[in-house]
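Below is my_file-v4.cif, holding mmCIF, C-alpha atoms.
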data_start
#
loop_
_atom_site.label_atom_id
_atom_site.label_comp_id
_atom_site.auth_asym_id
_atom_site.auth_seq_id
_atom_site.Cartn_x
_atom_site.Cartn_y
_atom_site.Cartn_z
CA MET O 1 135.78 87.78 96.85
CA ALA O 2 135.33 84.53 98.73
CA GLY O 3 132.64 84.23 101.38
CA THR O 4 128.86 84.13 101.23
CA GLY O 5 126.18 86.28 99.69
CA HIS O 6 124.78 89.18 101.73
CA SER O 7 128.20 89.93 103.25
CA GLY O 8 128.87 93.36 101.76
CA SER O 9 130.57 92.33 98.51
CA THR O 10 128.58 94.85 96.43
CA LEU O 11 129.68 97.68 98.72
CA LEU O 12 133.32 96.58 98.63
CA GLY O 13 133.17 96.13 94.86
CA LEU O 14 131.78 99.65 94.35
CA LEU O 15 134.46 101.15 96.59
CA LEU O 16 137.33 99.32 94.87
CA GLY O 17 135.70 99.91 91.50
CA ASN O 18 135.89 103.65 92.16
CA HIS O 19 139.68 103.47 91.81
CA SER O 20 140.97 105.01 88.59
CA SER O 21 142.78 101.82 87.53
CA SER O 22 140.00 99.32 88.26
CA PHE O 23 136.76 98.04 86.78
CA PHE O 24 134.07 96.46 88.95
CA CYS O 25 132.25 93.87 86.85
CA GLY O 26 129.80 92.91 89.60
CA GLU O 27 129.13 89.20 89.97
CA GLY O 28 131.12 87.78 87.08
CA ASN O 29 129.35 84.43 87.30
CA LYS O 30 126.20 86.13 85.98
CA SER O 31 128.00 86.42 82.62
CA GLN O 32 126.87 82.85 81.93
CA TYR O 33 123.35 84.22 81.42
CA ILE O 34 124.32 86.71 78.71
CA GLY O 35 122.55 85.88 75.48
CA LYS O 36 120.09 83.51 77.16
CA GLU O 37 116.74 85.13 76.45
CA ASN O 38 114.90 82.81 78.86
CA ALA O 39 117.00 84.07 81.79
CA PRO O 40 115.70 86.97 83.94
CA ALA O 41 116.85 90.39 82.74
CA ARG O 42 118.33 91.13 86.17
CA LYS O 43 120.83 88.31 85.57
CA ARG O 44 121.82 88.87 81.95
CA PHE O 45 121.90 92.68 81.71
CA CYS O 46 123.87 95.42 83.44
CA LYS O 47 121.98 96.41 86.58
CA PHE O 48 122.42 100.12 85.83
CA CYS O 49 122.20 100.37 82.03
CA GLY O 50 120.07 97.42 81.05
CA ALA O 51 120.44 95.98 77.55
CA ASP O 52 122.12 99.13 76.20
CA CYS O 53 125.20 98.87 78.42
CA PRO O 54 128.37 99.93 76.56
CA ILE O 55 130.32 97.14 78.28
CA TRP O 56 127.94 94.20 78.60
CA GLY O 57 125.51 95.00 75.79
CA GLU O 58 126.11 92.99 72.63
CA LEU O 59 129.08 91.29 74.28
CA PHE O 60 129.68 87.80 72.96
CA LEU O 61 131.74 85.90 75.51
CA ASN O 62 133.90 82.87 74.83
CA PRO O 63 133.18 80.48 77.73
CA GLU O 64 136.59 78.87 77.24
CA GLN O 65 138.45 82.16 77.65
CA ASP O 66 139.17 84.13 80.81
CA LEU O 67 136.28 86.54 81.48
CA TYR O 68 138.52 89.29 82.79
CA GLU O 69 140.75 89.28 79.73
CA GLN O 70 137.69 89.59 77.51
CA LEU O 71 136.34 92.46 79.60
CA THR O 72 139.68 94.26 79.51
CA GLN O 73 139.65 94.11 75.72
CA ARG O 74 136.02 95.25 75.61
CA ILE O 75 136.68 98.23 77.89
CA TRP O 76 139.61 99.35 75.77
CA ARG O 77 137.65 99.07 72.53
CA THR O 78 134.52 100.85 73.79
CA GLN O 79 135.83 103.25 76.44
CA HIS O 80 139.42 103.80 75.27
CA GLN O 81 140.53 103.31 78.85
CA GLU O 82 143.12 101.00 80.35
CA LYS O 83 141.97 99.12 83.45
CA THR O 84 144.62 96.97 85.08
CA LEU O 85 142.52 95.67 87.98
CA MET O 86 139.31 93.67 87.57
CA ILE O 87 137.02 93.37 90.61
CA ASP O 88 134.66 90.38 90.75
CA SER O 89 132.26 90.10 93.71
CA THR O 90 131.17 86.52 92.97
CA SER O 91 131.56 84.67 96.27
CA GLY O 92 131.03 81.08 95.09
CA ALA O 93 134.09 78.90 95.55
CA HIS O 94 133.45 76.93 92.35
CA TRP O 95 133.43 80.08 90.21
CA ILE O 96 136.56 81.48 91.86
CA ARG O 97 138.47 78.23 91.31
CA LYS O 98 137.41 78.20 87.66
CA GLN O 99 138.69 81.74 87.07
CA TRP O 100 141.82 81.03 89.07
CA ASN O 101 142.61 78.11 86.76
CA TYR O 102 142.15 80.36 83.71
CA LEU O 103 144.43 83.00 85.21
CA LYS O 104 147.18 80.44 85.80
CA LEU O 105 147.58 80.31 82.01
CA THR O 106 148.09 84.07 81.76
CA THR O 107 150.50 86.64 83.16
CA ALA O 108 147.76 88.12 85.36
CA GLN O 109 148.13 88.14 89.13
CA PRO O 110 145.01 86.93 90.99
CA TYR O 111 144.23 88.27 94.46
CA LEU O 112 141.72 86.75 96.87
CA VAL O 113 139.70 88.68 99.45
CA PHE O 114 137.83 86.62 102.04
CA LEU O 115 135.00 88.98 102.96
CA GLN O 116 133.55 88.02 106.33
CA ARG O 117 130.42 89.22 108.13
CA ASP O 118 128.74 88.17 111.33
CA GLY O 119 126.75 85.09 110.39
CA ARG O 120 123.71 86.37 112.27
CA ALA O 121 123.58 89.38 109.96
CA VAL O 122 123.93 87.21 106.86
CA VAL O 123 121.25 84.77 108.00
CA ASN O 124 118.89 87.61 108.87
CA SER O 125 119.41 89.19 105.47
CA TYR O 126 118.50 85.92 103.73
CA ARG O 127 115.53 85.50 106.08
CA ARG O 128 114.32 88.98 105.20
CA LYS O 129 114.67 88.37 101.46
CA TYR O 130 113.27 84.83 101.51
CA PRO O 131 110.75 84.73 104.40
CA GLU O 132 109.28 81.47 103.09
CA ARG O 133 112.54 79.59 103.69
CA ASP O 134 113.17 77.53 106.81
CA LEU O 135 115.57 79.33 109.14
CA THR O 136 117.42 76.13 110.02
CA LYS O 137 118.12 75.55 106.32
CA ILE O 138 119.34 79.15 105.89
CA ILE O 139 121.78 78.68 108.79
CA GLN O 140 122.98 75.35 107.43
CA ASP O 141 123.54 76.91 103.99
CA TRP O 142 125.62 79.66 105.62
CA LEU O 143 127.73 77.08 107.40
CA GLU O 144 128.29 75.12 104.19
CA ASN O 145 129.32 78.22 102.25
CA ILE O 146 131.68 79.35 105.00
CA HIS O 147 133.38 75.94 105.03
CA LYS O 148 133.80 76.13 101.23
CA ALA O 149 135.16 79.67 101.41
CA GLN O 150 137.63 78.75 104.16
CA ALA O 151 138.85 75.73 102.20
CA LEU O 152 139.35 77.90 99.12
CA PHE O 153 141.19 80.54 101.14
CA ASP O 154 143.50 77.92 102.64
CA GLU O 155 144.13 76.41 99.21
CA PHE O 156 144.77 79.69 97.39
CA THR O 157 148.49 80.21 96.76
CA GLY O 158 148.44 83.84 95.63
CA PRO O 159 148.14 87.03 97.70
CA LYS O 160 145.13 86.79 100.02
CA ILE O 161 143.57 88.83 102.78
CA ILE O 162 140.63 88.71 105.21
CA VAL O 163 138.33 91.74 105.40
CA HIS O 164 135.41 92.12 107.81
CA TYR O 165 132.32 93.89 106.49
CA GLU O 166 131.73 95.56 109.86
CA GLU O 167 135.23 97.06 109.87
CA LEU O 168 134.82 98.16 106.26
CA ALA O 169 131.58 99.98 107.16
CA THR O 170 132.93 101.64 110.32
CA ASN O 171 136.57 102.31 109.37
CA THR O 172 136.30 102.57 105.61
CA ASP O 173 139.35 104.71 104.84
CA GLU O 174 141.75 102.53 106.79
CA VAL O 175 140.40 99.32 105.30
CA LEU O 176 140.66 100.75 101.78
CA LYS O 177 144.24 101.87 102.44
CA ARG O 178 145.10 98.37 103.60
CA LEU O 179 143.44 96.85 100.54
CA CYS O 180 145.21 99.21 98.16
CA GLU O 181 148.55 98.25 99.68
CA PHE O 182 147.57 94.59 99.34
CA LEU O 183 146.59 95.09 95.68
CA ASN O 184 149.71 97.15 94.89
CA ILE O 185 147.75 100.22 93.81
CA ALA O 186 147.99 103.76 95.17
CA TYR O 187 145.28 104.73 97.62
CA GLU O 188 142.87 107.34 96.24
CA PRO O 189 140.78 109.21 98.85
CA GLU O 190 138.00 109.68 96.28
CA MET O 191 137.35 105.93 96.37
CA ILE O 192 135.06 106.34 99.36
CA ASN O 193 132.66 108.51 97.32
CA TYR O 194 131.40 105.53 95.36
CA GLY O 195 128.14 107.28 94.48
CA ASN O 196 129.96 109.64 92.12
CA ARG O 197 130.98 106.93 89.65
CA GLU O 198 129.30 105.31 86.65
CA TYR O 199 129.17 101.54 87.01
CA HIS O 200 128.46 98.63 84.69
CA VAL O 201 127.77 95.56 86.80
CA LEU O 202 126.03 92.21 86.67
CA GLY O 203 124.12 91.03 89.74
CA GLY O 204 124.67 92.42 93.20
CA ASN O 205 122.68 93.89 96.07
CA ASN O 206 119.74 96.05 94.99
CA GLY O 207 119.83 98.18 98.13
CA THR O 208 123.48 99.18 97.83
CA GLN O 209 123.07 99.80 94.10
CA TYR O 210 120.01 101.95 94.78
CA LEU O 211 122.17 104.25 96.92
CA VAL O 212 124.34 104.84 93.85
CA ALA O 213 121.46 105.35 91.43
CA GLN O 214 118.79 106.93 93.64
CA ASN O 215 119.05 110.34 91.96
CA LYS O 216 118.99 108.89 88.45
CA ALA O 217 116.05 108.09 86.19
CA ASN O 218 114.22 104.80 86.76
CA ALA O 219 116.18 104.04 89.95
CA GLN O 220 113.00 103.13 91.80
CA ASP O 221 111.89 100.72 89.07
CA LYS O 222 115.35 99.15 88.71
CA PHE O 223 116.18 98.69 92.37
CA LEU O 224 113.41 99.57 94.83
CA GLY O 225 110.88 97.55 92.86
CA ARG O 226 112.96 94.41 93.43
CA MET O 227 113.11 94.78 97.21
CA SER O 228 110.84 93.62 99.98
CA SER O 229 108.72 96.34 101.59
CA MET O 230 110.97 96.22 104.67
CA ASN O 231 114.10 96.79 102.59
CA ARG O 232 112.48 99.55 100.55
CA GLN O 233 111.67 101.45 103.70
CA TYR O 234 115.19 100.97 105.04
CA TYR O 235 117.03 102.12 101.92
CA GLN O 236 114.72 105.05 101.17
CA GLY O 237 115.57 106.40 104.60
CA HIS O 238 119.26 105.48 104.35
CA LYS O 239 121.87 108.14 105.04
CA PRO O 240 124.04 109.05 102.01
CA GLU O 241 127.22 107.91 103.74
CA ILE O 242 128.28 104.33 104.46
CA VAL O 243 126.33 103.01 107.45
CA LEU O 244 126.89 99.77 109.33
CA ASP O 245 123.88 97.48 108.89
CA VAL O 246 123.21 95.56 112.11
CA ARG O 247 119.47 95.11 111.70
CA TRP O 248 119.84 91.50 112.83
CA GLN O 249 120.23 92.73 116.42
CA THR O 250 116.63 93.93 116.54
CA GLU O 251 114.98 91.85 113.79
CA LEU O 252 115.99 88.39 114.97
CA SER O 253 113.95 87.11 117.89
CA GLU O 254 115.68 85.66 120.95
CA GLU O 255 114.50 82.23 119.85
CA GLN O 256 116.07 82.72 116.40
CA LYS O 257 119.33 83.96 117.93
CA THR O 258 119.40 80.89 120.17
CA LEU O 259 118.82 78.60 117.20
CA PHE O 260 121.72 80.22 115.37
CA ALA O 261 123.96 79.91 118.44
CA ASP O 262 123.11 76.22 118.77
CA LEU O 263 123.81 75.44 115.10
CA ALA O 264 126.59 77.85 114.20
CA GLY O 265 127.77 79.71 117.29
CA GLU O 266 131.17 78.01 117.44
CA ILE O 267 131.99 78.65 113.78
CA ASN O 268 130.71 82.22 114.06
CA GLN O 269 133.09 83.19 116.86
CA SER O 270 135.67 84.68 114.50
CA PHE O 271 132.91 86.49 112.57
CA GLU O 272 131.04 87.99 115.52
CA TRP O 273 130.29 91.68 115.78
CA ASN O 274 128.74 92.53 119.12
CA THR O 275 128.66 96.33 119.14
CA ALA O 276 125.22 97.38 120.36
CA VAL O 277 122.89 99.41 118.18
CA ASN O 278 123.34 103.13 118.80
#

File written out as structure tokens:
Amino acid sequence: MAGTGHSGSTLLGLLLGNHSSSFFCGEGNKSQYIGKENAPARKRFCKFCGADCPIWGELFLNPEQDLYEQLTQRIWRTQHQEKTLMIDSTSGAHWIRKQWNYLKLTTAQPYLVFLQRDGRAVVNSYRRKYPERDLTKIIQDWLENIHKAQALFDEFTGPKIIVHYEELATNTDEVLKRLCEFLNIAYEPEMINYGNREYHVLGGNNGTQYLVAQNKANAQDKFLGRMSSMNRQYYQGHKPEIVLDVRWQTELSEEQKTLFADLAGEINQSFEWNTAVN
């Protein structure tokens, strides 16, 4: 999934990962931390299972071999299940190019989803998570990542599609049907009930993952404990269904919105979502 962080990739990954033929690995680039004891546990272990994960636990990866092929073999050996579609929510262009080059040497068919979200929402999400960071720098980082994602999307020669987070959150069934057609898999209505599935993922958004695990043991320690107080309050009061997150409309000051418009307004035109808060 090309794009930037905080654009809804965890949500989309969980929804697609709820298909019977797919496996959502989370942010595949976090696999580089497996086995590195000095790395934070949140990076090198499954976010749901921890060190005892049947997929990621005790997995010794070959850095010179395609990650998805290794995961497919692991899933078959441990779960006795065949998964033909691997979902990776890593948005970094460098990582995607690296995996794309691996896949060129195999018979696998890579697909690219450019997941887009209003830049004001993305910037606000980073601002909320990292309040110590300069807002101008956050906006500039968003611009840089968008340029990289667009260049990758233009360069990619396989099947590719643009998906808007806001449309995914407000018209989920139709977006999933379109994505299933794009991925050449049959649409399964149960996909939307992503909270009913067991997942084994690296990285990803704590809030969205909390909604999956909130009724399970240690969910508060695993997910709520890693959030800011503002996010904890939001997700603890979150409705069980998919809800469009437009907190930027009320959390960004007029001065901050003006700064964003001055620095990134032109680029953001195709990303804008202007529906007022209900």

Determine, counting all atoms listed in the file, which protein, DNA and RNA residues have an atom within 9 Å of an atom of range 47-59 of chain O; residues of the same chain fewer than 3 positions away are not included. Present the result as a PDB file with C-alpha atoms, in the coordinates of the input.
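Written output follows (around11.pdb):
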ATOM      1  CA  SER O  31     128.000  86.420  82.620  1.00  0.00           C
ATOM      2  CA  ILE O  34     124.320  86.710  78.710  1.00  0.00           C
ATOM      3  CA  GLY O  35     122.550  85.880  75.480  1.00  0.00           C
ATOM      4  CA  ALA O  41     116.850  90.390  82.740  1.00  0.00           C
ATOM      5  CA  ARG O  42     118.330  91.130  86.170  1.00  0.00           C
ATOM      6  CA  LYS O  43     120.830  88.310  85.570  1.00  0.00           C
ATOM      7  CA  ARG O  44     121.820  88.870  81.950  1.00  0.00           C
ATOM      8  CA  LEU O  71     136.340  92.460  79.600  1.00  0.00           C
ATOM      9  CA  ARG O  74     136.020  95.250  75.610  1.00  0.00           C
ATOM     10  CA  ILE O  75     136.680  98.230  77.890  1.00  0.00           C
ATOM     11  CA  THR O  78     134.520 100.850  73.790  1.00  0.00           C
ATOM     12  CA  GLN O  79     135.830 103.250  76.440  1.00  0.00           C
ATOM     13  CA  GLU O 198     129.300 105.310  86.650  1.00  0.00           C
ATOM     14  CA  TYR O 199     129.170 101.540  87.010  1.00  0.00           C
ATOM     15  CA  HIS O 200     128.460  98.630  84.690  1.00  0.00           C
ATOM     16  CA  VAL O 201     127.770  95.560  86.800  1.00  0.00           C
ATOM     17  CA  LEU O 202     126.030  92.210  86.670  1.00  0.00           C
ATOM     18  CA  GLY O 203     124.120  91.030  89.740  1.00  0.00           C
ATOM     19  CA  GLY O 204     124.670  92.420  93.200  1.00  0.00           C
ATOM     20  CA  ASN O 206     119.740  96.050  94.990  1.00  0.00           C
ATOM     21  CA  GLN O 209     123.070  99.800  94.100  1.00  0.00           C
ATOM     22  CA  ALA O 213     121.460 105.350  91.430  1.00  0.00           C
ATOM     23  CA  ALA O 219     116.180 104.040  89.950  1.00  0.00           C
ATOM     24  CA  LYS O 222     115.350  99.150  88.710  1.00  0.00           C
ATOM     25  CA  PHE O 223     116.180  98.690  92.370  1.00  0.00           C
TER      26      PHE O 223
END

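Interatomic distance, CA of Arg197 in chain O to CA of Leu14 in chain O: 8.7 Å.
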
Contact check, range 204-273 of chain O to range 142-160 of chain O, at most 9 Å, counting only C-alpha atoms, closest pairs as a Markdown table:
| residue | atom | partner | partner_atom | distance |
| --- | --- | --- | --- | --- |
| O:Leu263 | CA | O:Leu143 | CA | 8.8 |
| O:Ala264 | CA | O:Leu143 | CA | 6.9 |
| O:Ile267 | CA | O:Leu143 | CA | 7.8 |
| O:Asn268 | CA | O:Leu143 | CA | 8.9 |

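CA of Ser270 in chain O to CA of Lys129 in chain O spans 25.0 Å [interatomic distance, one decimal].
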
Report task. Translate the PyMOL selection byres ((chain O and resi 104-108) around 12), as applied to the file shown, into an explicit residue set as number ranges by chain. Result -> O: 65-66, 68-69, 72, 84-86, 97-103, 109-111, 156-158

Do a neighbour search on Val246 in chain O at 10 Å with all atoms listed in the file, toss out local chain neighbours closer than 2 positions, and write the hits as a PDB file with C-alpha atoms, in the frame of the given file.
ATOM      1  CA  ASP O 118     128.740  88.170 111.330  1.00  0.00           C
ATOM      2  CA  ARG O 120     123.710  86.370 112.270  1.00  0.00           C
ATOM      3  CA  ALA O 121     123.580  89.380 109.960  1.00  0.00           C
ATOM      4  CA  VAL O 122     123.930  87.210 106.860  1.00  0.00           C
ATOM      5  CA  ASN O 124     118.890  87.610 108.870  1.00  0.00           C
ATOM      6  CA  SER O 125     119.410  89.190 105.470  1.00  0.00           C
ATOM      7  CA  GLU O 166     131.730  95.560 109.860  1.00  0.00           C
ATOM      8  CA  VAL O 243     126.330 103.010 107.450  1.00  0.00           C
ATOM      9  CA  LEU O 244     126.890  99.770 109.330  1.00  0.00           C
ATOM     10  CA  TRP O 248     119.840  91.500 112.830  1.00  0.00           C
ATOM     11  CA  GLN O 249     120.230  92.730 116.420  1.00  0.00           C
ATOM     12  CA  THR O 250     116.630  93.930 116.540  1.00  0.00           C
ATOM     13  CA  GLU O 251     114.980  91.850 113.790  1.00  0.00           C
ATOM     14  CA  TRP O 273     130.290  91.680 115.780  1.00  0.00           C
ATOM     15  CA  ASN O 274     128.740  92.530 119.120  1.00  0.00           C
ATOM     16  CA  THR O 275     128.660  96.330 119.140  1.00  0.00           C
ATOM     17  CA  ALA O 276     125.220  97.380 120.360  1.00  0.00           C
ATOM     18  CA  VAL O 277     122.890  99.410 118.180  1.00  0.00           C
TER      19      VAL O 277
END

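Distances from O:Ala186, O:Ala261, O:Ile242, O:Leu252 to Arg127 in chain O were compared using only C-alpha atoms, and the smallest one belongs to O:Leu252.
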
When the PyMOL selection byres ((chain O and resi 7) around 7) is applied to the file above, which residues end up in the set, as a PDB file with C-alpha atoms, in the frame of the given file?
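Written file, part_35.pdb:
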ATOM      1  CA  THR O   4     128.860  84.130 101.230  1.00  0.00           C
ATOM      2  CA  GLY O   5     126.180  86.280  99.690  1.00  0.00           C
ATOM      3  CA  HIS O   6     124.780  89.180 101.730  1.00  0.00           C
ATOM      4  CA  GLY O   8     128.870  93.360 101.760  1.00  0.00           C
ATOM      5  CA  SER O   9     130.570  92.330  98.510  1.00  0.00           C
ATOM      6  CA  LEU O 115     135.000  88.980 102.960  1.00  0.00           C
ATOM      7  CA  GLN O 116     133.550  88.020 106.330  1.00  0.00           C
ATOM      8  CA  ARG O 117     130.420  89.220 108.130  1.00  0.00           C
ATOM      9  CA  VAL O 122     123.930  87.210 106.860  1.00  0.00           C
ATOM     10  CA  TYR O 165     132.320  93.890 106.490  1.00  0.00           C
TER      11      TYR O 165
END

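From CA of Ser253 in chain O back to CA of Asp134 in chain O, the distance works out to 14.7 Å.
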
To test your reading of the syntax: which residues would the PyMOL selection byres ((chain O and resi 188-196) around 12) return for the file shown? Reply as a JSON list (two decimals) with C-alpha atoms, keeping the file's coordinate frame.
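The result, written out as selection_26.json:
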[["chain", "number", "residue", "atom", "x", "y", "z"],
["O", 10, "THR", "CA", 128.58, 94.85, 96.43],
["O", 11, "LEU", "CA", 129.68, 97.68, 98.72],
["O", 12, "LEU", "CA", 133.32, 96.58, 98.63],
["O", 13, "GLY", "CA", 133.17, 96.13, 94.86],
["O", 14, "LEU", "CA", 131.78, 99.65, 94.35],
["O", 15, "LEU", "CA", 134.46, 101.15, 96.59],
["O", 16, "LEU", "CA", 137.33, 99.32, 94.87],
["O", 17, "GLY", "CA", 135.70, 99.91, 91.50],
["O", 18, "ASN", "CA", 135.89, 103.65, 92.16],
["O", 19, "HIS", "CA", 139.68, 103.47, 91.81],
["O", 20, "SER", "CA", 140.97, 105.01, 88.59],
["O", 21, "SER", "CA", 142.78, 101.82, 87.53],
["O", 22, "SER", "CA", 140.00, 99.32, 88.26],
["O", 24, "PHE", "CA", 134.07, 96.46, 88.95],
["O", 168, "LEU", "CA", 134.82, 98.16, 106.26],
["O", 169, "ALA", "CA", 131.58, 99.98, 107.16],
["O", 171, "ASN", "CA", 136.57, 102.31, 109.37],
["O", 172, "THR", "CA", 136.30, 102.57, 105.61],
["O", 173, "ASP", "CA", 139.35, 104.71, 104.84],
["O", 174, "GLU", "CA", 141.75, 102.53, 106.79],
["O", 175, "VAL", "CA", 140.40, 99.32, 105.30],
["O", 176, "LEU", "CA", 140.66, 100.75, 101.78],
["O", 177, "LYS", "CA", 144.24, 101.87, 102.44],
["O", 178, "ARG", "CA", 145.10, 98.37, 103.60],
["O", 179, "LEU", "CA", 143.44, 96.85, 100.54],
["O", 180, "CYS", "CA", 145.21, 99.21, 98.16],
["O", 181, "GLU", "CA", 148.55, 98.25, 99.68],
["O", 185, "ILE", "CA", 147.75, 100.22, 93.81],
["O", 186, "ALA", "CA", 147.99, 103.76, 95.17],
["O", 187, "TYR", "CA", 145.28, 104.73, 97.62],
["O", 197, "ARG", "CA", 130.98, 106.93, 89.65],
["O", 198, "GLU", "CA", 129.30, 105.31, 86.65],
["O", 199, "TYR", "CA", 129.17, 101.54, 87.01],
["O", 208, "THR", "CA", 123.48, 99.18, 97.83],
["O", 209, "GLN", "CA", 123.07, 99.80, 94.10],
["O", 210, "TYR", "CA", 120.01, 101.95, 94.78],
["O", 211, "LEU", "CA", 122.17, 104.25, 96.92],
["O", 212, "VAL", "CA", 124.34, 104.84, 93.85],
["O", 213, "ALA", "CA", 121.46, 105.35, 91.43],
["O", 214, "GLN", "CA", 118.79, 106.93, 93.64],
["O", 215, "ASN", "CA", 119.05, 110.34, 91.96],
["O", 216, "LYS", "CA", 118.99, 108.89, 88.45],
["O", 240, "PRO", "CA", 124.04, 109.05, 102.01],
["O", 241, "GLU", "CA", 127.22, 107.91, 103.74],
["O", 242, "ILE", "CA", 128.28, 104.33, 104.46]]
